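**Student:** Provided herewith is a single structure, encoded as structure tokens, for subsequent inquiry.
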Amino acid sequence: MPVSSRTSLPQATAADSMRVALTVLAPNVARGVILRRRPMVALAAKVDADRHASRLLRRLRTRYGTGPLWIDVLGRRALLLLDAEHVGRVLAETPQPFTPANREKHAALAHFQPHGVLISRDTERDERRRFNETVLEADRPAHHEAAAFLAKTREEVAALLGEVDATGRLTWQRFHPAFWRVVRRVVLGDAARDDHQVTDLLDKLRSDANWAYFHPGRGRLRERFARGLSAHLERAEEGSLAARLAATPSTDGTRPQGQVPHWLFAFDAAAIAAFRALALLATHPRQRGLVRAELDGRDPASVPDLVSAVYLRACVLESVRLWPTTLALLRDSTAPTEWGGSHVPQGTPFLILTSFFQRDPALPYADAFTPEVWLDGRADANWALAPFSRGPGHCPGQNLVLLVTTALLAELVRQRDYQLAEPSDLDPGRPLPHTLDHFALDFRVTPAR
């Protein structure tokens, strides 16, 4: 087995490092790690790119052991994690000595959120993290504005279904704008409902961010986006996160407005997860029946009733396990570390391919829609199952995102029946594909029976 001259951890050969670059990294970069590129997502789904990536990593684990494995890609020497326990250590020891402010992540996110907590370090990160947790109410299952958020969501679902009933079809092209209307109202206030420009500008900046440090950035465009965002935040409209943001104490280093672009970015990933969850429920009668039984008799306007819809919430989590919206977790070490007696230098990047661990064939439910794992403790016991990350660096917006997506799905499932026209391979009798093109999902919609 080849060995690094710096440590006794295994070193991948140049050929194997190239295979990782071509089979794992290139498809992820091509799809767009910050804003998905539709043609490349379609191609990745056609060839089931994530399945090939996971197979390669399993072969590497067989050849080199559980690692971590040194690889050389894009001019960087990185450690590829191949063992769930190692993932647990990195996530548990975030942000020191494993910072989420990884060099490549910083180069990407700085295009639209240069002051975001994910790419902040030291005292700035601590302050911004506390601010995010306070505004998003990270420790509460239901935000104190949950009733307002639920009402906004129900109104937008009603409007969406009115459009859908005219054609009997629900596609991403119709679902996504409706979800953005929910997000703008929840984050910025009702007056932002139809301000497509502010989120369109964000998408342009996210498109630039796909290129990370290979794109020079567009300062003027970012300033236009910041002005549009500021106009909504200054209203601090009641019943929105903007009001909570305005009421939360901050310091000069907090940069409150600078935290909001990431909330919008994260909610866009939530739209993907929710639409995929709907596809799973449309094709899995047993789980759909359990969701409807859970919702039966509950008040659709009641926050406690929604929060107690734990099976539907688990369906959203399971959607993200099956098809992660964060394709890889990245960390850089801020200090020298030890792995099994081996020295790892400061500044080493660590790479965690989420689908590799969340679809590990050792999991009996790896390729099956199994929401129960989020209710019976199996997922909690496995640190590598991290749809919202885990440990001190977990997403502070997890409960809020799950509240909104659960509310939206509850309304959709309660009021209509859905038959998935495309794609045709989400069959509960067969292993689910590792890669799913959410852009291509096409539902036939009829009144609920």
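Within each chain, counting starts at residue 1; across the structure tokens, chains are named A, B, ... in the order shown, with ligands numbered 1 upward in that order.
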Might you pull out every residue within 8 Å of Lys105 of chain A, with only C-alpha atoms counted and same-chain residues fewer than 6 positions away left off, and present them as number ranges by chain?

**Tutor:** A: 119, 212, 330

**Student:** Kindly export the residues of the current selection with N, CA and C atoms, as a PDB file, in the first residue's frame.

**Tutor:**
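Listing of part.pdb after writing:
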```
ATOM      1  N   ILE A 119     -18.539  30.903   6.378  1.00  0.00           N
ATOM      2  CA  ILE A 119     -17.173  31.178   5.946  1.00  0.00           C
ATOM      3  C   ILE A 119     -16.491  32.168   6.886  1.00  0.00           C
ATOM      4  N   ALA A 212     -16.463  29.441  -8.009  1.00  0.00           N
ATOM      5  CA  ALA A 212     -15.567  29.731  -6.872  1.00  0.00           C
ATOM      6  C   ALA A 212     -14.507  30.750  -7.258  1.00  0.00           C
ATOM      7  N   LEU A 330     -17.274  19.938   3.610  1.00  0.00           N
ATOM      8  CA  LEU A 330     -15.869  20.306   3.535  1.00  0.00           C
ATOM      9  C   LEU A 330     -15.426  20.932   4.855  1.00  0.00           C
TER      10      LEU A 330
END
```

**Student:** For Leu412 of chain A, work out the shell of residues within 10 Å, counting only C-alpha atoms and skipping chain neighbours fewer than 3 positions away, then give it as number ranges by chain.

**Tutor:** A: 154, 157-158, 160-161, 278, 406-409, 415-418, 448

**Student:** Applying 12 Å and only C-alpha atoms, which residues near Ser17 of chain A remain after dropping the ones on its own chain fewer than 4 positions away? List them as a ChimeraX atom specification.

**Tutor:** /A:11-13,21-25,56-57,60,69-80

**Student:** Calculated over only C-alpha atoms, which of the candidates A:Gln259, A:Ala309, A:Asp190, A:Asn210 has the smallest distance to Ala30 of chain A?

**Tutor:** A:Asn210

**Student:** Excluding Val198 of chain A and its own-chain neighbours fewer than 6 positions away, which residues fall within 10 Å of it when counting only C-alpha atoms? Please give them as a list in words.

**Tutor:**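 Result of the neighbour search: Arg184, Ala192, Arg224, Phe225, Ala226, Arg227, Gly228, Leu229 and His232 of chain A.
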